[in-house]
file coords_16.pdb (PDB, C-alpha atoms)
ATOM      1  CA  MET A   1     -16.574  21.783 -16.331
ATOM      2  CA  LYS A   2     -15.687  18.453 -14.727
ATOM      3  CA  GLU A   3     -14.176  18.685 -11.236
ATOM      4  CA  LYS A   4     -10.527  17.749 -11.001
ATOM      5  CA  LYS A   5     -10.136  14.966  -8.477
ATOM      6  CA  ILE A   6      -7.096  13.191  -7.087
ATOM      7  CA  VAL A   7      -7.416   9.944  -5.157
ATOM      8  CA  ILE A   8      -4.246   8.515  -3.641
ATOM      9  CA  GLU A   9      -4.135   5.053  -2.080
ATOM     10  CA  ILE A  10      -1.202   3.860  -0.005
ATOM     11  CA  ASP A  11      -0.905   0.210   0.965
ATOM     12  CA  GLU A  12       1.127  -1.551   3.655
ATOM     13  CA  GLN A  13       3.601  -2.990   1.174
ATOM     14  CA  GLY A  14       5.163   0.321   0.156
ATOM     15  CA  ASN A  15       3.013   0.799  -2.936
ATOM     16  CA  CYS A  16       0.957   3.811  -3.836
ATOM     17  CA  SER A  17      -1.532   4.568  -6.595
ATOM     18  CA  MET A  18      -2.806   7.869  -7.937
ATOM     19  CA  ASP A  19      -6.138   8.178  -9.665
ATOM     20  CA  LEU A  20      -6.423  11.497 -11.499
ATOM     21  CA  GLU A  21      -9.722  12.569 -12.999
ATOM     22  CA  GLY A  22     -10.942  15.577 -14.929
ATOM     23  CA  PHE A  23      -7.562  16.998 -15.945
ATOM     24  CA  GLN A  24      -6.699  18.362 -19.350
ATOM     25  CA  GLY A  25      -3.421  18.214 -21.238
ATOM     26  CA  LYS A  26      -0.194  18.826 -19.359
ATOM     27  CA  GLY A  27      -2.045  19.535 -16.095
ATOM     28  CA  CYS A  28      -2.483  15.838 -15.472
ATOM     29  CA  ALA A  29       1.240  15.090 -15.733
ATOM     30  CA  ASP A  30       2.080  18.068 -13.519
ATOM     31  CA  VAL A  31      -0.200  16.842 -10.751
ATOM     32  CA  ALA A  32       1.208  13.319 -11.022
ATOM     33  CA  LYS A  33       4.718  14.748 -10.737
ATOM     34  CA  ASP A  34       3.808  16.773  -7.628
ATOM     35  CA  PHE A  35       2.713  13.688  -5.723
ATOM     36  CA  GLN A  36       5.210  11.261  -7.239
ATOM     37  CA  GLY A  37       8.206  12.956  -5.616
ATOM     38  CA  SER A  38      11.135  10.574  -5.826
ATOM     39  CA  ASP A  39       9.026   7.436  -5.949
ATOM     40  CA  VAL A  40       9.569   4.889  -8.695
ATOM     41  CA  VAL A  41       6.849   4.738 -11.351
ATOM     42  CA  LYS A  42       5.743   1.131 -11.844
ATOM     43  CA  ASN A  43       2.878   1.681 -14.231
ATOM     44  CA  VAL A  44       0.972   4.525 -15.901
ATOM     45  CA  ARG A  45      -2.202   4.148 -17.901
ATOM     46  CA  ASN A  46      -4.847   6.396 -19.328
ATOM     47  CA  LYS A  47      -8.212   5.398 -17.953
ATOM     48  CA  HIS A  48     -11.181   4.236 -19.985
ATOM     49  CA  GLU A  49     -12.836   7.693 -19.953
ATOM     50  CA  PHE A  50      -9.766   9.120 -21.624
ATOM     51  CA  TYR A  51     -10.598   7.295 -24.847
ATOM     52  CA  ILE A  52     -14.349   7.942 -24.905
ATOM     53  CA  PRO A  53     -14.471  11.524 -26.278
ATOM     54  CA  GLU A  54     -12.231  10.646 -29.226
ATOM     55  CA  THR A  55     -14.283   7.538 -30.127
ATOM     56  CA  VAL A  56     -17.544   9.456 -29.915
ATOM     57  CA  GLY A  57     -16.055  12.214 -32.067
ATOM     58  CA  LYS A  58     -14.976   9.725 -34.737
ATOM     59  CA  LYS A  59     -18.404   8.087 -34.807
ATOM     60  CA  GLN A  60     -20.051  11.477 -35.193
ATOM     61  CA  GLN A  61     -17.698  12.315 -38.062
ATOM     62  CA  GLN A  62     -18.515   9.026 -39.798
ATOM     63  CA  ARG A  63     -22.249   9.681 -39.480
ATOM     64  CA  SER A  64     -22.088  13.228 -40.897
TER
ATOM     65  CA  MET B   1      -7.908  13.351 -19.215
ATOM     66  CA  SER B   2      -7.890  10.629 -16.600
ATOM     67  CA  LYS B   3      -4.820   8.788 -15.542
ATOM     68  CA  TYR B   4      -3.908   5.977 -13.176
ATOM     69  CA  VAL B   5      -0.352   5.861 -11.854
ATOM     70  CA  GLU B   6       1.223   3.132  -9.721
ATOM     71  CA  LEU B   7       4.295   3.950  -7.672
ATOM     72  CA  ARG B   8       6.826   2.273  -5.401
ATOM     73  CA  THR B   9       7.625   4.538  -2.448
ATOM     74  CA  ASN B  10      11.225   5.461  -1.760
ATOM     75  CA  LEU B  11      12.237   6.843   1.627
ATOM     76  CA  THR B  12      14.122   9.984   0.589
ATOM     77  CA  ASP B  13      12.980  12.694   2.979
ATOM     78  CA  GLU B  14      14.502  12.595   6.435
ATOM     79  CA  ARG B  15      11.728  14.771   7.892
ATOM     80  CA  TYR B  16       8.910  12.388   7.002
ATOM     81  CA  LEU B  17      10.973   9.336   7.943
ATOM     82  CA  VAL B  18      11.515  10.807  11.414
ATOM     83  CA  GLU B  19       7.827  11.736  11.668
ATOM     84  CA  ALA B  20       6.792   8.235  10.600
ATOM     85  CA  LEU B  21       9.086   6.621  13.182
ATOM     86  CA  ARG B  22       7.634   8.898  15.875
ATOM     87  CA  GLU B  23       4.125   7.941  14.828
ATOM     88  CA  VAL B  24       4.895   4.252  15.245
ATOM     89  CA  GLY B  25       6.320   4.887  18.703
ATOM     90  CA  TYR B  26      10.028   5.680  18.465
ATOM     91  CA  GLU B  27      12.183   8.745  19.010
ATOM     92  CA  PRO B  28      14.904   8.356  16.390
ATOM     93  CA  GLU B  29      18.334   9.893  16.536
ATOM     94  CA  VAL B  30      19.359  11.862  13.442
ATOM     95  CA  CYS B  31      23.052  11.870  12.494
ATOM     96  CA  PRO B  32      23.583  13.930   9.323
ATOM     97  CA  GLU B  33      27.090  12.501   8.885
ATOM     98  CA  GLY B  34      26.062   8.982   9.838
ATOM     99  CA  ARG B  35      27.477   6.875  12.657
ATOM    100  CA  PRO B  36      28.093   3.169  13.253
ATOM    101  CA  LEU B  37      25.185   1.210  14.678
ATOM    102  CA  VAL B  38      25.545  -0.245  18.152
ATOM    103  CA  GLY B  39      24.991  -3.962  18.680
ATOM    104  CA  TYR B  40      23.105  -5.696  21.484
ATOM    105  CA  VAL B  41      26.162  -5.950  23.760
ATOM    106  CA  GLY B  42      27.158  -2.340  23.162
ATOM    107  CA  ASP B  43      29.626  -3.247  20.415
ATOM    108  CA  GLN B  44      30.159  -0.975  17.437
ATOM    109  CA  ARG B  45      28.962  -2.601  14.228
ATOM    110  CA  ALA B  46      30.307  -2.149  10.721
ATOM    111  CA  GLU B  47      27.069  -0.663   9.385
ATOM    112  CA  ARG B  48      26.563   3.100   9.513
ATOM    113  CA  ALA B  49      23.227   4.918   9.438
ATOM    114  CA  HIS B  50      21.851   8.452   9.396
ATOM    115  CA  VAL B  51      18.536   7.901  11.182
ATOM    116  CA  ILE B  52      18.736   5.486  14.105
ATOM    117  CA  ILE B  53      16.371   3.893  16.606
ATOM    118  CA  PRO B  54      18.520   3.534  19.754
ATOM    119  CA  ARG B  55      18.696   0.169  21.501
ATOM    120  CA  GLY B  56      16.968   1.486  24.624
ATOM    121  CA  GLN B  57      13.734   1.864  22.676
ATOM    122  CA  LEU B  58      13.835  -1.692  21.364
ATOM    123  CA  ASP B  59      13.927  -5.179  22.869
ATOM    124  CA  ALA B  60      16.595  -5.801  25.542
ATOM    125  CA  ALA B  61      18.521  -8.020  23.117
ATOM    126  CA  SER B  62      18.045  -5.786  20.085
ATOM    127  CA  ASN B  63      20.682  -4.119  17.999
ATOM    128  CA  GLU B  64      20.100  -0.555  16.892
ATOM    129  CA  ILE B  65      17.913  -0.233  13.799
ATOM    130  CA  GLY B  66      19.231   2.217  11.259
ATOM    131  CA  PHE B  67      18.299   3.935   8.032
ATOM    132  CA  ALA B  68      21.314   4.683   5.870
ATOM    133  CA  ARG B  69      21.134   7.221   3.056
ATOM    134  CA  ASP B  70      22.631   5.721  -0.095
ATOM    135  CA  ASN B  71      24.327   7.594  -2.949
ATOM    136  CA  GLY B  72      20.962   8.137  -4.623
ATOM    137  CA  GLY B  73      19.559   9.799  -1.501
ATOM    138  CA  VAL B  74      17.315   6.850  -0.630
ATOM    139  CA  TYR B  75      17.199   5.631   2.975
ATOM    140  CA  GLN B  76      17.806   1.881   3.254
ATOM    141  CA  ALA B  77      16.753   0.069   6.415
ATOM    142  CA  ILE B  78      19.425  -1.839   8.325
ATOM    143  CA  VAL B  79      17.819  -4.412  10.601
ATOM    144  CA  SER B  80      19.641  -7.339  12.168
ATOM    145  CA  GLU B  81      18.425 -10.883  11.687
ATOM    146  CA  TYR B  82      17.446 -11.066  15.363
ATOM    147  CA  ASP B  83      15.328  -7.922  15.107
ATOM    148  CA  ARG B  84      13.707  -9.114  11.890
ATOM    149  CA  GLY B  85      12.759 -12.261  13.771
ATOM    150  CA  ILE B  86      11.033 -10.358  16.585
ATOM    151  CA  GLY B  87       8.831  -8.293  14.275
ATOM    152  CA  PHE B  88      10.961  -5.584  12.652
ATOM    153  CA  ASN B  89      10.494  -7.334   9.333
ATOM    154  CA  ASP B  90       9.194  -6.339   5.892
ATOM    155  CA  VAL B  91       5.650  -6.070   7.260
ATOM    156  CA  TRP B  92       6.817  -3.554   9.898
ATOM    157  CA  LEU B  93       8.845  -1.705   7.302
ATOM    158  CA  GLY B  94       5.904  -1.619   4.881
ATOM    159  CA  ARG B  95       3.702  -0.038   7.557
ATOM    160  CA  LEU B  96       6.400   2.505   8.301
ATOM    161  CA  VAL B  97       6.604   3.381   4.591
ATOM    162  CA  GLN B  98       2.818   3.737   4.529
ATOM    163  CA  VAL B  99       2.930   6.312   7.342
ATOM    164  CA  TYR B 100       5.850   8.064   5.633
ATOM    165  CA  LYS B 101       3.985   8.316   2.325
ATOM    166  CA  GLU B 102       0.823   9.592   3.999
ATOM    167  CA  ARG B 103       2.791  12.325   5.783
ATOM    168  CA  GLN B 104       4.664  13.248   2.627
ATOM    169  CA  THR B 105       1.489  13.317   0.507
ATOM    170  CA  LEU B 106      -0.375  15.577   2.953
ATOM    171  CA  ALA B 107       2.595  17.939   3.173
ATOM    172  CA  VAL B 108       2.992  18.124  -0.621
ATOM    173  CA  ALA B 109      -0.736  18.753  -1.065
ATOM    174  CA  LYS B 110      -0.662  21.576   1.477
ATOM    175  CA  ALA B 111       2.447  23.155  -0.031
ATOM    176  CA  LYS B 112       1.082  22.994  -3.583
ATOM    177  CA  GLY B 113      -2.385  24.275  -2.677
ATOM    178  CA  TYR B 114      -4.484  21.157  -3.291
ATOM    179  CA  VAL B 115      -7.719  20.960  -1.325
ATOM    180  CA  PHE B 116      -7.886  18.049   1.120
ATOM    181  CA  LYS B 117     -11.241  16.304   0.754
ATOM    182  CA  GLY B 118     -10.875  13.448   3.189
ATOM    183  CA  LYS B 119      -9.137  10.315   4.408
ATOM    184  CA  GLU B 120     -10.470   6.821   4.574
ATOM    185  CA  VAL B 121      -8.911   3.616   5.843
ATOM    186  CA  ILE B 122      -9.884   0.684   3.661
ATOM    187  CA  HIS B 123      -9.491  -2.838   4.998
ATOM    188  CA  THR B 124      -8.379  -5.323   2.338
ATOM    189  CA  PRO B 125      -7.164  -8.944   2.532
ATOM    190  CA  GLN B 126      -3.642  -7.538   2.013
ATOM    191  CA  GLY B 127      -3.964  -5.131   4.942
ATOM    192  CA  LYS B 128      -4.966  -1.562   5.590
ATOM    193  CA  LYS B 129      -5.021   0.850   2.679
ATOM    194  CA  ILE B 130      -5.049   4.597   3.292
ATOM    195  CA  GLN B 131      -7.082   6.581   0.797
ATOM    196  CA  LEU B 132      -6.526  10.341   0.561
ATOM    197  CA  ARG B 133      -8.745  12.516  -1.619
ATOM    198  CA  PHE B 134      -7.903  15.960  -2.969
ATOM    199  CA  ALA B 135      -9.345  18.478  -5.396
ATOM    200  CA  VAL B 136      -7.766  21.306  -7.365
ATOM    201  CA  ARG B 137      -8.679  24.882  -6.456
TER
END

call {"tool": "encode", "arguments": {"input": "coords_16.pdb", "output": "structure tokens"}}
result
Amino acid sequence: MKEKKIVIEIDEQGNCSMDLEGFQGKGCADVAKDFQGSDVVKNVRNKHEFYIPETVGKKQQQRS
Amino acid sequence: MSKYVELRTNLTDERYLVEALREVGYEPEVCPEGRPLVGYVGDQRAERAHVIIPRGQLDAASNEIGFARDNGGVYQAIVSEYDRGIGFNDVWLGRLVQVYKERQTLAVAKAKGYVFKGKEVIHTPQGKKIQLRFAVR
């Protein structure tokens, strides 16, 4: 099972980013909420890896 | 699932604001009900604040610097034009927010049971970036 990692970066301009890896389903949103607190969300995106399993799955289905 | 979230930090927690101000060298006064700020000649100003850096800790000609809690519970900095000019500007405020967010993040992680994996200070052209790493038990 992939380790669940959280990397938080805080800059000197009052911005913060959260990089969440290895989470499944609702767990990811829960972790984001824990660290978000009352901060304003500027942007949220699913990372590249998020799309890979589905694409691979589709290709495998097409081949079979 | 992997996610990337970008946030704008709001100063909402008095405890971490006070801790951040202490870390950057001040001993703020906390007034839960708020009080008017004092100007450089000892005059009472129109602005009120809840967390205040007294004049004695600032430049001889400084006004008090305050943080006023607005209706949404967010602390807004009140800094006079003179004090902005001598360095208590957006850069100073940004660094204060950085310390605040680091304190808040470490406290949240501890309270929620995340495992602290390390801290790194990254130097970028835009300034210092603090990187905190955690894992889930």

call {"tool": "closest_residue", "arguments": {"input": "coords_16.pdb", "among": "B:Gln76, B:Gln98, B:Thr124, B:Asn63", "to": "chain A", "atoms": "only C-alpha atoms"}}
result
B:Gln98

call {"tool": "resolve_selection", "arguments": {"input": "coords_16.pdb", "expression": "the ChimeraX specification (/A :<7) & /B", "output": "JSON, numbers by chain"}}
result
{"B": [1, 2, 3, 4, 5, 6, 7, 8, 9, 10, 94, 95, 97, 98, 105, 108, 127, 128, 129, 130, 131, 132, 133, 134, 135, 136]}

call {"tool": "closest_residue", "arguments": {"input": "coords_16.pdb", "among": "B:Ile122, B:Val91, B:Ala107, B:Val115", "to": "Glu19 of chain B", "atoms": "all atoms listed in the file"}}
result
B:Ala107

call {"tool": "resolve_selection", "arguments": {"input": "coords_16.pdb", "expression": "the PyMOL selection byres ((chain B and resi 62) around 12)", "output": "JSON list (two decimals) with C-alpha atoms, in the frame of the given file"}}
result
[["chain", "number", "residue", "atom", "x", "y", "z"],
["B", 37, "LEU", "CA", 25.18, 1.21, 14.68],
["B", 38, "VAL", "CA", 25.54, -0.24, 18.15],
["B", 39, "GLY", "CA", 24.99, -3.96, 18.68],
["B", 40, "TYR", "CA", 23.10, -5.70, 21.48],
["B", 41, "VAL", "CA", 26.16, -5.95, 23.76],
["B", 42, "GLY", "CA", 27.16, -2.34, 23.16],
["B", 43, "ASP", "CA", 29.63, -3.25, 20.42],
["B", 53, "ILE", "CA", 16.37, 3.89, 16.61],
["B", 54, "PRO", "CA", 18.52, 3.53, 19.75],
["B", 55, "ARG", "CA", 18.70, 0.17, 21.50],
["B", 56, "GLY", "CA", 16.97, 1.49, 24.62],
["B", 57, "GLN", "CA", 13.73, 1.86, 22.68],
["B", 58, "LEU", "CA", 13.84, -1.69, 21.36],
["B", 59, "ASP", "CA", 13.93, -5.18, 22.87],
["B", 60, "ALA", "CA", 16.60, -5.80, 25.54],
["B", 61, "ALA", "CA", 18.52, -8.02, 23.12],
["B", 63, "ASN", "CA", 20.68, -4.12, 18.00],
["B", 64, "GLU", "CA", 20.10, -0.56, 16.89],
["B", 65, "ILE", "CA", 17.91, -0.23, 13.80],
["B", 66, "GLY", "CA", 19.23, 2.22, 11.26],
["B", 79, "VAL", "CA", 17.82, -4.41, 10.60],
["B", 80, "SER", "CA", 19.64, -7.34, 12.17],
["B", 81, "GLU", "CA", 18.42, -10.88, 11.69],
["B", 82, "TYR", "CA", 17.45, -11.07, 15.36],
["B", 83, "ASP", "CA", 15.33, -7.92, 15.11],
["B", 84, "ARG", "CA", 13.71, -9.11, 11.89],
["B", 85, "GLY", "CA", 12.76, -12.26, 13.77],
["B", 86, "ILE", "CA", 11.03, -10.36, 16.58],
["B", 87, "GLY", "CA", 8.83, -8.29, 14.28],
["B", 88, "PHE", "CA", 10.96, -5.58, 12.65]]

call {"tool": "resolve_selection", "arguments": {"input": "coords_16.pdb", "expression": "the PyMOL selection byres ((chain B and resi 75) around 9)", "output": "PDB file with C-alpha atoms, keeping the file's coordinate frame"}}
result
ATOM      1  CA  ASN B  10      11.225   5.461  -1.760  1.00  0.00           C
ATOM      2  CA  LEU B  11      12.237   6.843   1.627  1.00  0.00           C
ATOM      3  CA  THR B  12      14.122   9.984   0.589  1.00  0.00           C
ATOM      4  CA  ASP B  13      12.980  12.694   2.979  1.00  0.00           C
ATOM      5  CA  GLU B  14      14.502  12.595   6.435  1.00  0.00           C
ATOM      6  CA  LEU B  17      10.973   9.336   7.943  1.00  0.00           C
ATOM      7  CA  ALA B  49      23.227   4.918   9.438  1.00  0.00           C
ATOM      8  CA  HIS B  50      21.851   8.452   9.396  1.00  0.00           C
ATOM      9  CA  VAL B  51      18.536   7.901  11.182  1.00  0.00           C
ATOM     10  CA  PHE B  67      18.299   3.935   8.032  1.00  0.00           C
ATOM     11  CA  ALA B  68      21.314   4.683   5.870  1.00  0.00           C
ATOM     12  CA  ARG B  69      21.134   7.221   3.056  1.00  0.00           C
ATOM     13  CA  ASP B  70      22.631   5.721  -0.095  1.00  0.00           C
ATOM     14  CA  GLY B  72      20.962   8.137  -4.623  1.00  0.00           C
ATOM     15  CA  GLY B  73      19.559   9.799  -1.501  1.00  0.00           C
ATOM     16  CA  VAL B  74      17.315   6.850  -0.630  1.00  0.00           C
ATOM     17  CA  GLN B  76      17.806   1.881   3.254  1.00  0.00           C
ATOM     18  CA  ALA B  77      16.753   0.069   6.415  1.00  0.00           C
TER      19      ALA B  77
END

call {"tool": "atom_distance", "arguments": {"input": "coords_16.pdb", "atom1": "atom CA of Arg45 of chain B", "atom2": "atom CA of Tyr100 of chain B"}}
result
26.9 Å

call {"tool": "atom_distance", "arguments": {"input": "coords_16.pdb", "atom1": "atom CA of Gly118 of chain B", "atom2": "atom CA of Leu96 of chain B"}}
result
21.1 Å

call {"tool": "build_atoms", "arguments": {"input": "coords_16.pdb", "residues": "segment 116-129 of chain B", "atoms": "N, CA and C atoms", "output": "PDB file, in the coordinates of the input"}}
result
ATOM      1  N   PHE B 116      -7.708  19.367   0.498  1.00  0.00           N
ATOM      2  CA  PHE B 116      -7.886  18.049   1.120  1.00  0.00           C
ATOM      3  C   PHE B 116      -9.382  17.766   1.263  1.00  0.00           C
ATOM      4  N   LYS B 117      -9.812  16.635   0.734  1.00  0.00           N
ATOM      5  CA  LYS B 117     -11.241  16.304   0.754  1.00  0.00           C
ATOM      6  C   LYS B 117     -11.589  15.180   1.718  1.00  0.00           C
ATOM      7  N   GLY B 118     -10.567  14.486   2.208  1.00  0.00           N
ATOM      8  CA  GLY B 118     -10.875  13.448   3.189  1.00  0.00           C
ATOM      9  C   GLY B 118      -9.915  12.271   3.154  1.00  0.00           C
ATOM     10  N   LYS B 119      -9.985  11.513   4.263  1.00  0.00           N
ATOM     11  CA  LYS B 119      -9.137  10.315   4.408  1.00  0.00           C
ATOM     12  C   LYS B 119     -10.033   9.149   4.793  1.00  0.00           C
ATOM     13  N   GLU B 120      -9.712   8.014   4.223  1.00  0.00           N
ATOM     14  CA  GLU B 120     -10.470   6.821   4.574  1.00  0.00           C
ATOM     15  C   GLU B 120      -9.494   5.650   4.723  1.00  0.00           C
ATOM     16  N   VAL B 121      -9.744   4.814   5.695  1.00  0.00           N
ATOM     17  CA  VAL B 121      -8.911   3.616   5.843  1.00  0.00           C
ATOM     18  C   VAL B 121      -9.729   2.442   5.313  1.00  0.00           C
ATOM     19  N   ILE B 122      -9.181   1.794   4.301  1.00  0.00           N
ATOM     20  CA  ILE B 122      -9.884   0.684   3.661  1.00  0.00           C
ATOM     21  C   ILE B 122      -9.229  -0.635   4.093  1.00  0.00           C
ATOM     22  N   HIS B 123     -10.034  -1.536   4.584  1.00  0.00           N
ATOM     23  CA  HIS B 123      -9.491  -2.838   4.998  1.00  0.00           C
ATOM     24  C   HIS B 123      -9.570  -3.809   3.823  1.00  0.00           C
ATOM     25  N   THR B 124      -8.437  -4.369   3.452  1.00  0.00           N
ATOM     26  CA  THR B 124      -8.379  -5.323   2.338  1.00  0.00           C
ATOM     27  C   THR B 124      -7.726  -6.610   2.855  1.00  0.00           C
ATOM     28  N   PRO B 125      -7.829  -7.697   2.093  1.00  0.00           N
ATOM     29  CA  PRO B 125      -7.164  -8.944   2.532  1.00  0.00           C
ATOM     30  C   PRO B 125      -5.644  -8.768   2.666  1.00  0.00           C
ATOM     31  N   GLN B 126      -5.093  -7.777   1.953  1.00  0.00           N
ATOM     32  CA  GLN B 126      -3.642  -7.538   2.013  1.00  0.00           C
ATOM     33  C   GLN B 126      -3.263  -6.556   3.123  1.00  0.00           C
ATOM     34  N   GLY B 127      -4.251  -6.087   3.861  1.00  0.00           N
ATOM     35  CA  GLY B 127      -3.964  -5.131   4.942  1.00  0.00           C
ATOM     36  C   GLY B 127      -4.676  -3.811   4.747  1.00  0.00           C
ATOM     37  N   LYS B 128      -4.331  -2.874   5.628  1.00  0.00           N
ATOM     38  CA  LYS B 128      -4.966  -1.562   5.590  1.00  0.00           C
ATOM     39  C   LYS B 128      -4.465  -0.739   4.411  1.00  0.00           C
ATOM     40  N   LYS B 129      -5.398  -0.043   3.771  1.00  0.00           N
ATOM     41  CA  LYS B 129      -5.021   0.850   2.679  1.00  0.00           C
ATOM     42  C   LYS B 129      -5.496   2.247   3.073  1.00  0.00           C
TER      43      LYS B 129
END
